[in-house]
Amino acid sequence: MNKTYNPLEVEDKWYEYWMEKQFFASKPNPEKEPYTIVIPPPNVTGVLHMGHMLNNTIQDVLIRRARMQGKEACWVPGTDHASIATEAKVVKMLKEKGIEKRDISREEFLKYAWEWKEKYGGIILEQLKKLGASCDWNRTRFTMEPEMSKAVIKVFVDLYGKGYIYRGARMVNWDPQGKTAVSDEEVIYKEVQSKLYYVKYKIKDDNEWLTIATTRPETILGDTAVCVNPNDERYQHLIGKKVIIPIVEREVPIIADDYVDMEFGTGCLKITPAHDLNDYEIGLRHNLEIIDTLNEDGTLSEAAGHYIGEDRFIVRKKIAKDLQEKGQIVKVEELTNKVGFSERTDAVIEPRISTQWFIKMKEISKPAYENVMNDNIQLVPPKFKNTYRHWMENVKDWCISRQLWWGHRIPAYYLPDGSYVVAETQEEALKIAQEIQPGITAKQLVQEEDVLDTWASSWLWPISVFDGITKPNNEDINYYYPTNDLVTAPEILFFWVARMIISGYEYRQEMPFKNVYLTGIVRDKQRRKMSKQLGNSPDPLDLIKKYGADGIRTGMLFSSPAGNDLLFDEKLCLQGRNFSNKIWNALRLVKEWNVKDEATSEVNKESIVWFDARFNQVLAEIEDHYSKFRISDALMSIYKLCWNDFSNWYLEMIKPAYQQPIDRATLEATLIFFEKLMKVLHPFMPFISEEVWHQIKEREADDCIIVSNYPTTETFDENILLEAEAVFETIINIRNIRNQKQIGKNEPLELCIKTSSPKVYKDFEAVLLKLGGLSTINFVENVVEDAVSFVYKADEFYIPLADQIDPEQERQKLQNELQYTEGFLNSVNKKLSNERFVNNAPEKVVTIEKQKRTDAENKIASIKAALAKLN
RNA sequence: GGGCUCUUAGCUCAGCUGGUUCAGAGCACCUGCCUUACAAGCAGGGGGUCACUGGUUCGAAUCCAGUAGGGCCCACCA
């Protein structure tokens with residue numbers, strides 16, 4: 001066996017074997033409790049990034065543990081069609097080929113898009129396999145495959161029928177580059193340097209002028225009012241009068257509205273209802289005309305009357321110049337303000353009135369609100385409950401139409417007169433249409449061009465992956481739904497999680513999942529979010545090659561409590577890899593031993609008793625961590641159990657002298673411990689644990705750790721652990737003395753113990769002798785002279801080393817100890833002499849304090865005695 | 001601007017309803033070791049006024065208020 005562990009071949013070997021054995025596959029089994037996770041479907045054309053790595057590692061940990069616990073574990077993988085992102089990629093790809101989207105038909109475009117999807121789709125799933133993800137790949141779904149599309153359309157028609165879907169003119173975030181509306185969530189506000197133009201408007205039939213501050217002078221063309229605060233004394237006399245809009249020379253009213261901030265700019269606001277959300281609302285309140293001055297590509301429209309066809313930013317400069325020439329610019333100030341950008345195309349978002357499809361959210365989201373508030377569905381960590389509540393209490397209607405081609409086309413069909421019908425298929429639509437307008441033909445029905453927002457399909461994911469919409473009573477949905485845990489990023493709490501909860505209650509009358517584990521964002525050491533643009537994100541596959549999947553999995557989980565950002569550093573993977581190696585070497589040690597049928601030595605008996613108790617203690621800790629979704633803590637407990645308790649203590653205790661055999665009972669006990677450790681480790685490090693499992697002994701083909709039984713918590717004797725701790729402390733003290741006095745570890749020492757409870761040390765006497773490198777242990781009644789001493793709790797220890805003692809040093813050590821203990825006693829006495837403490841504190845606390853006092857007093861007495869001997 | 005949340009060792013974080021499991025873990029650091037499982041290691045060790053200021057209490061990292069500084073979400077100011 002190699003001195004260092006080589007993960008590469010091992011990992012590929014076992015993943016193939018697991019697949020071959022169908023260990024990931026799941027089907028409904030009434031005998032077993034289901035445990036289900038649906039993957040947050042990554043973009044179909046995406047590639048694996050560090051966020052996915054973290055996310056899917058956590059899911060794999062949970063699913064593997066559940067599988068070992070005997071549950072029917074089912075992890076459903078799949079991909080999302082990601083309408084805007086994918087369409088943008090395809091458009092770009094076509095452009096590189098010299099094809100413009102506007103020059104080809106919808107059908108042609110979709111052909112290209114599907115080709116693209118076939119080529120790149122699913123790469124990400126292949127990458128997940130390298131990570132070790134134990135998804136049931138037979139169940140892989142795609143949000144735009146026929147059955148899932150059917151579900152989306154069915155839901156649309158259903159919601160329409162229930163009156164939850166409406167079509168309306170609304171102010172939307174318009175992406176002029178993507179030429180589509182985007183949701184509020186897809187707008188990113190960035191601080192930019194812009195100019196604040198102070199523009200003079202002439203008052204009609206008056207010689208007065210009004211000055212108005214604006215950052216977007218091109219919108220002047222769409223102004224239909226000027227607004228002041230009703231309490232603003234400066235402008236009282238102007239309310240009700242008219243002003244003349246520069247350039248277009250249109251007369252508009254001066255109105256008053258509370259919205260206007262008297263402090264900002266001139267306290268006077270121009271109103272452009274077509275291109276500003278607040279202006280739009282003010283417009284509604286005051287019945288203002290709406291003039292849409294923009295085309296869908298961000299150029300000025302006919303309605304603007306001027307600069308037609310020119311881009312809005314060019315017009316901004318031109319207008320500024322033209323106004324300057326007319327003397328209507330008072331001044332220009334620099335201003336930092338926030339401007340919305342499209343998440344997908346990075347174009348500046350323009351608020352724009354357009355006709356869109358909406359889902360009414362208020363009523364439909366009620367159960368989703370309540371069931372998170374009452375903890376039927378638990379968010380982990382719980383701090384996200386507040387965020388969730390805030391959003392749900394202010395939930396706005398959901399704009400679900402997108403002016404794209406890649407996606408689910410809205411099943412609305414327009415009649416020649418502009419009215420429309422909604423139906424699942426063209427045929428049904430025709431039938432309905434004919435009832436309204438007899439004689440209408442299929443050709444006269446035109447389907448809506450828009451497609452649905454991506455989230456309008458993924459919000460059904462936990463149901464639709466089991467075909468629960470199209471076949472609401474099938475075996476899978478009945479068995480697997482509701483799912484158990486959802487692991488995802490907090491950024492999509494509203495986009496996705498909240499909406500899945502809403503659809504879950506609407507379509508299954510049941511929550512989609514019990515727990516939502518929100519991961520952090522993966523950042524670099526400087527706390528910058530990892531992104532392609534910054535180039536600070538390592539390639540996950542390179543990392544896997546370098547450290548092994550097990551190494552990365554643990555590296556990421558060492559430090560990522562739920563909801564906390566993960567500050568990723570390759571060093572963490574190094575730690576993971578080193579851990580693999582440690583395990584590997586422990587295995588090598590154990591495998592090298594020869595067995596001999598002989599009686600088990602005292603030291604081995606003691607060791608086995610101790611480790612058995614210790615294992616069960618830590619296992620209980622681990623289970624507690626899992627129950628609170630403290631995945632990092634669970635891993636850390638396992639790490640320390642393997643490294644410190646098992647390797648550094650236990651194996652050292654039982655390790656035979658060089659080339660000496662070990663007795664059979666001890667070896668067998670040790671192998672069982674090793675197996676148990678590997679089982680507990682398996683969810684985190686699936687590959688090495690499987691490899692070790694098979695190295696421990698020859699096994700049947702189906703006897704794999706992935707499907708072995710997870711250890712159950714057993715009771716343990718806490719007293720044994722306390723005793724062992726005292727013995728370990730003693731050993732550490734002895735080693736420390738050896739260090740200080742430069743005594744080699746092979747030089748036997750004599751130890752004298754002055755204690756009121758010798759049993760503690762007698763129970764582990766053989767261990768103490770072996771690891772302390774002692775020749776004898778004497779229990780004494782009095783202080784030992786000419787000895788190096790140390791104290792553990794109330795017990796005193798002496799190592800007679802007459803020739804090695806520096807009396808001054810010993811005295812100093814004792815003095816320090818004395819001083820500390822006296823101070824400690826002092827504080828305890830203070831507490832105990834405080835009547836209010838004795839009267840108010842619980843009895844238990846007082847008893848403990850009294851015990852502390854006696855212990856300290858005893859300790860002081862013996863330190864003093866030792867000092868006296870030194871003098 | 002509104003809401004939420006955080007500040008503990010050099011770094012990342014634990015510390016549940018106030019009291020010996022109360023100042024902890026991992027990493028990093030320092031010292032000594034190439035000791036036949038492992039230098040990707042072993043043994044040992046040093047690091048913290050628990051952001052600041054008050055208050056409640058017999059007792060505060062823990063509860064309350066204020067201050068300073070982070071973070072997240074929502075809204076977006078012309």
# chains A, B, ... in the order shown; residues from 1 in each chain; ligands from 1

$ residues_around --residues "C42 of chain B" --least-positions-apart "6" --cutoff "12 Å" --atoms "only C-alpha atoms (C1' of nucleotides)" --output "PDB file with C-alpha atoms (C1' of nucleotides), in the first residue's frame"
ATOM      1  CA  ASN A 644      -7.551  12.737  17.738  1.00  0.00           C
ATOM      2  CA  SER A 647      -5.532   7.802  15.579  1.00  0.00           C
ATOM      3  CA  ASN A 648      -3.692   9.768  18.190  1.00  0.00           C
ATOM      4  CA  TRP A 649      -5.033   8.088  21.295  1.00  0.00           C
ATOM      5  CA  GLU A 652      -1.270   4.541  20.046  1.00  0.00           C
TER       6      GLU A 652
ATOM      7  C1'   G B  32      11.223  20.089  19.894  1.00  0.00           C
ATOM      8  C1'   C B  33      11.287  15.697  16.922  1.00  0.00           C
ATOM      9  C1'   C B  34      12.701  12.393   9.677  1.00  0.00           C
ATOM     10  C1'   U B  35      10.348   7.783  16.705  1.00  0.00           C
TER      11        U B  35
END

$ interface_residues --of "chain A" --to "chain B" --cutoff "7 Å" --atoms "only C-alpha atoms (C1' of nucleotides)" --output "PyMOL selection string"
chain A and resi 213-214+269+386-387+559+578+581-582+585-586+588-589+736+739+834+836-837+845

$ residues_around --residues "Ile696 of chain A" --least-positions-apart "4" --cutoff "8 Å" --atoms "only C-alpha atoms (C1' of nucleotides)" --output "list in words"
Leu587, Lys591, Leu671, Glu675 and Val692 of chain A

$ select_by_dssp --residues "segment 154-268 of chain A" --states "alpha helix (DSSP H)" --output "list in words"
Lys154, Val155, Phe156, Val157, Asp158, Leu159, Tyr160 and Gly161 of chain A

$ residues_around --residues "A61 of chain B" --least-positions-apart "5" --cutoff "10 Å" --atoms "only C-alpha atoms (C1' of nucleotides)" --output "number ranges by chain"
B: 8, 15, 22-23, 50

$ residues_around --residues "Gly563 of chain A" --least-positions-apart "5" --cutoff "10 Å" --atoms "only C-alpha atoms (C1' of nucleotides)" --output "JSON, numbers by chain"
{"A": [380, 381, 382, 383, 384, 489, 490, 517, 518, 519, 520, 521]}

$ write_last_selection --atoms "N, CA, C and O atoms" --output "JSON list (two decimals), in the first residue's frame"
[["chain", "number", "residue", "atom", "x", "y", "z"],
["A", 380, "VAL", "N", -33.82, 27.27, 7.75],
["A", 380, "VAL", "CA", -32.57, 27.12, 8.49],
["A", 380, "VAL", "C", -31.50, 27.98, 7.83],
["A", 380, "VAL", "O", -31.25, 27.80, 6.64],
["A", 381, "PRO", "N", -30.89, 28.92, 8.53],
["A", 381, "PRO", "CA", -31.16, 29.32, 9.90],
["A", 381, "PRO", "C", -32.45, 30.15, 9.99],
["A", 381, "PRO", "O", -32.87, 30.74, 8.99],
["A", 382, "PRO", "N", -33.03, 30.18, 11.17],
["A", 382, "PRO", "CA", -34.36, 30.79, 11.31],
["A", 382, "PRO", "C", -34.40, 32.29, 11.06],
["A", 382, "PRO", "O", -35.47, 32.85, 10.91],
["A", 383, "LYS", "N", -33.25, 32.93, 11.01],
["A", 383, "LYS", "CA", -33.28, 34.39, 10.79],
["A", 383, "LYS", "C", -33.96, 34.75, 9.47],
["A", 383, "LYS", "O", -34.46, 35.86, 9.32],
["A", 384, "PHE", "N", -34.00, 33.79, 8.55],
["A", 384, "PHE", "CA", -34.62, 34.09, 7.26],
["A", 384, "PHE", "C", -36.14, 34.19, 7.35],
["A", 384, "PHE", "O", -36.78, 34.65, 6.42],
["A", 489, "ALA", "N", -29.77, 28.56, -2.16],
["A", 489, "ALA", "CA", -29.14, 29.81, -1.79],
["A", 489, "ALA", "C", -30.18, 30.84, -1.36],
["A", 489, "ALA", "O", -31.28, 30.87, -1.92],
["A", 490, "PRO", "N", -29.87, 31.66, -0.40],
["A", 490, "PRO", "CA", -30.85, 32.64, 0.09],
["A", 490, "PRO", "C", -31.27, 33.66, -0.98],
["A", 490, "PRO", "O", -32.34, 34.23, -0.88],
["A", 517, "TYR", "N", -32.86, 24.52, 3.90],
["A", 517, "TYR", "CA", -31.52, 24.85, 4.37],
["A", 517, "TYR", "C", -30.94, 25.88, 3.42],
["A", 517, "TYR", "O", -30.78, 25.62, 2.23],
["A", 518, "LEU", "N", -30.67, 27.04, 3.95],
["A", 518, "LEU", "CA", -30.14, 28.11, 3.10],
["A", 518, "LEU", "C", -28.64, 28.19, 3.27],
["A", 518, "LEU", "O", -28.14, 28.46, 4.37],
["A", 519, "THR", "N", -27.94, 27.96, 2.20],
["A", 519, "THR", "CA", -26.48, 27.98, 2.25],
["A", 519, "THR", "C", -26.01, 29.43, 2.17],
["A", 519, "THR", "O", -26.79, 30.32, 1.89],
["A", 520, "GLY", "N", -24.74, 29.62, 2.40],
["A", 520, "GLY", "CA", -24.19, 30.96, 2.21],
["A", 520, "GLY", "C", -23.70, 31.12, 0.79],
["A", 520, "GLY", "O", -23.80, 30.22, -0.03],
["A", 521, "ILE", "N", -23.19, 32.28, 0.55],
["A", 521, "ILE", "CA", -22.59, 32.56, -0.75],
["A", 521, "ILE", "C", -21.11, 32.20, -0.65],
["A", 521, "ILE", "O", -20.47, 32.45, 0.36]]

$ closest_residue --among "A:Pro758, A:Gly78, A:Pro230, A:Pro686" --to "Gly132 of chain A" --atoms "only C-alpha atoms"
A:Pro686

$ residues_around --residues "A68 of chain B" --least-positions-apart "5" --cutoff "12 Å" --atoms "only C-alpha atoms (C1' of nucleotides)" --output "MDAnalysis selection string"
chainID B and resid 7 51:53

$ write_last_selection --atoms "C-alpha atoms (C1' of nucleotides)" --output "CSV table (one decimal), in the first residue's frame"
chain,number,residue,atom,x,y,z
B,7,U,C1',-19.4,42.3,16.2
B,51,A,C1',-16.9,46.1,19.6
B,52,C,C1',-17.9,50.5,23.1
B,53,U,C1',-20.8,53.0,27.1

$ closest_residue --among "A:Val784, A:Ile255, A:Ala412, A:Met678" --to "Glu796 of chain A" --atoms "only C-alpha atoms"
A:Val784

$ atom_distance --atom1 "atom C1' of G2 of chain B" --atom2 "atom CA of Asp223 of chain A"
29.7 Å

$ atom_distance --atom1 "atom CA of Val395 of chain A" --atom2 "atom CA of Glu449 of chain A"
27.2 Å

$ residues_around --residues "G47 of chain B" --least-positions-apart "4" --cutoff "9 Å" --atoms "only C-alpha atoms (C1' of nucleotides)" --output "PyMOL selection string"
chain B and resi 9-10+29

$ decode --residues "segment 16-32 of chain B" --atoms "N, CA, C and O atoms (P, O5', C5', C4', C3', O3' and C1' of nucleotides)" --output "compact mmCIF listing (two decimals), in the first residue's frame"
# COMPACT_ATOMS: atom_id res chain seq x y z
P C B 16 -25.46 30.05 24.28
O5' C B 16 -26.76 29.21 23.87
C5' C B 16 -27.84 29.86 23.18
C4' C B 16 -28.99 28.88 23.11
C3' C B 16 -29.83 28.79 24.39
O3' C B 16 -30.99 29.61 24.26
C1' C B 16 -29.12 26.63 23.74
P U B 17 -30.86 31.14 24.55
O5' U B 17 -30.82 31.23 26.14
C5' U B 17 -31.58 32.25 26.74
C4' U B 17 -32.68 31.65 27.55
C3' U B 17 -32.39 31.44 29.04
O3' U B 17 -32.50 32.64 29.75
C1' U B 17 -33.57 29.59 28.15
P G B 18 -31.35 33.08 30.79
O5' G B 18 -30.44 31.80 30.85
C5' G B 18 -29.49 31.53 31.82
C4' G B 18 -28.26 32.42 31.74
C3' G B 18 -27.40 32.20 32.96
O3' G B 18 -26.47 31.13 32.64
C1' G B 18 -27.79 34.53 32.60
P G B 19 -25.23 30.70 32.60
O5' G B 19 -24.80 31.09 34.09
C5' G B 19 -23.55 31.73 34.29
C4' G B 19 -22.96 31.19 35.57
C3' G B 19 -22.85 29.69 35.58
O3' G B 19 -21.49 29.37 35.78
C1' G B 19 -24.05 30.49 37.50
P U B 20 -20.47 28.71 34.96
O5' U B 20 -19.40 28.18 35.97
C5' U B 20 -19.60 27.06 36.73
C4' U B 20 -18.98 25.95 35.92
C3' U B 20 -19.41 24.59 36.48
O3' U B 20 -19.79 23.83 35.39
C1' U B 20 -17.02 24.83 36.52
P U B 21 -20.46 22.73 35.00
O5' U B 21 -19.75 22.42 33.61
C5' U B 21 -18.69 21.50 33.47
C4' U B 21 -17.88 21.88 32.25
C3' U B 21 -17.98 23.35 31.84
O3' U B 21 -17.07 24.15 32.58
C1' U B 21 -18.19 21.93 29.94
P C B 22 -17.22 25.66 32.36
O5' C B 22 -16.29 26.39 33.36
C5' C B 22 -16.35 27.74 33.52
C4' C B 22 -15.85 28.58 32.35
C3' C B 22 -15.99 30.06 32.66
O3' C B 22 -14.90 30.77 32.09
C1' C B 22 -17.22 29.54 30.70
P A B 23 -13.56 30.88 32.91
O5' A B 23 -12.52 31.72 32.09
C5' A B 23 -11.90 31.38 30.83
C4' A B 23 -12.89 30.90 29.84
C3' A B 23 -12.27 30.31 28.60
O3' A B 23 -12.11 28.92 28.80
C1' A B 23 -13.90 31.92 27.98
P G B 24 -11.04 28.11 28.08
O5' G B 24 -11.86 27.67 26.79
C5' G B 24 -11.29 26.74 25.95
C4' G B 24 -12.35 26.17 25.06
C3' G B 24 -11.82 25.89 23.66
O3' G B 24 -11.15 24.64 23.65
C1' G B 24 -13.86 27.04 23.49
P A B 25 -9.87 24.46 22.77
O5' A B 25 -10.54 24.10 21.36
C5' A B 25 -11.47 23.02 21.29
C4' A B 25 -12.03 22.93 19.92
C3' A B 25 -11.01 23.06 18.80
O3' A B 25 -10.39 21.81 18.56
C1' A B 25 -12.84 24.46 18.34
P G B 26 -8.91 21.74 18.02
O5' G B 26 -9.08 22.12 16.49
C5' G B 26 -9.73 21.22 15.59
C4' G B 26 -9.93 21.89 14.27
C3' G B 26 -8.67 22.52 13.68
O3' G B 26 -7.90 21.56 12.98
C1' G B 26 -10.41 24.10 13.61
P C B 27 -6.34 21.67 12.94
O5' C B 27 -6.09 22.95 12.04
C5' C B 27 -6.39 22.93 10.64
C4' C B 27 -6.38 24.34 10.08
C3' C B 27 -5.05 25.08 10.20
O3' C B 27 -4.14 24.71 9.19
C1' C B 27 -6.82 26.51 10.86
P A B 28 -2.58 24.69 9.51
O5' A B 28 -2.29 26.23 9.83
C5' A B 28 -2.23 27.18 8.77
C4' A B 28 -2.01 28.57 9.34
C3' A B 28 -0.76 28.74 10.18
O3' A B 28 0.39 28.98 9.38
C1' A B 28 -2.59 29.65 11.33
P C B 29 1.81 28.45 9.87
O5' C B 29 2.04 29.24 11.23
C5' C B 29 2.24 30.66 11.23
C4' C B 29 2.43 31.16 12.65
C3' C B 29 3.55 30.48 13.42
O3' C B 29 4.81 31.05 13.12
C1' C B 29 1.62 30.57 14.76
P C B 30 6.09 30.08 13.00
O5' C B 30 6.47 29.89 14.53
C5' C B 30 6.84 31.01 15.34
C4' C B 30 7.04 30.58 16.76
C3' C B 30 7.91 29.34 16.95
O3' C B 30 9.28 29.66 16.93
C1' C B 30 5.94 29.11 18.23
P U B 31 10.33 28.57 16.38
O5' U B 31 10.36 27.53 17.57
C5' U B 31 10.84 27.91 18.85
C4' U B 31 10.78 26.75 19.80
C3' U B 31 11.34 25.44 19.24
O3' U B 31 12.76 25.40 19.33
C1' U B 31 9.27 25.01 20.28
P G B 32 13.60 24.57 18.23
O5' G B 32 13.33 23.07 18.69
C5' G B 32 13.75 22.65 19.97
C4' G B 32 13.21 21.27 20.26
C3' G B 32 13.46 20.26 19.16
O3' G B 32 14.77 19.77 19.19
C1' G B 32 11.22 20.09 19.89
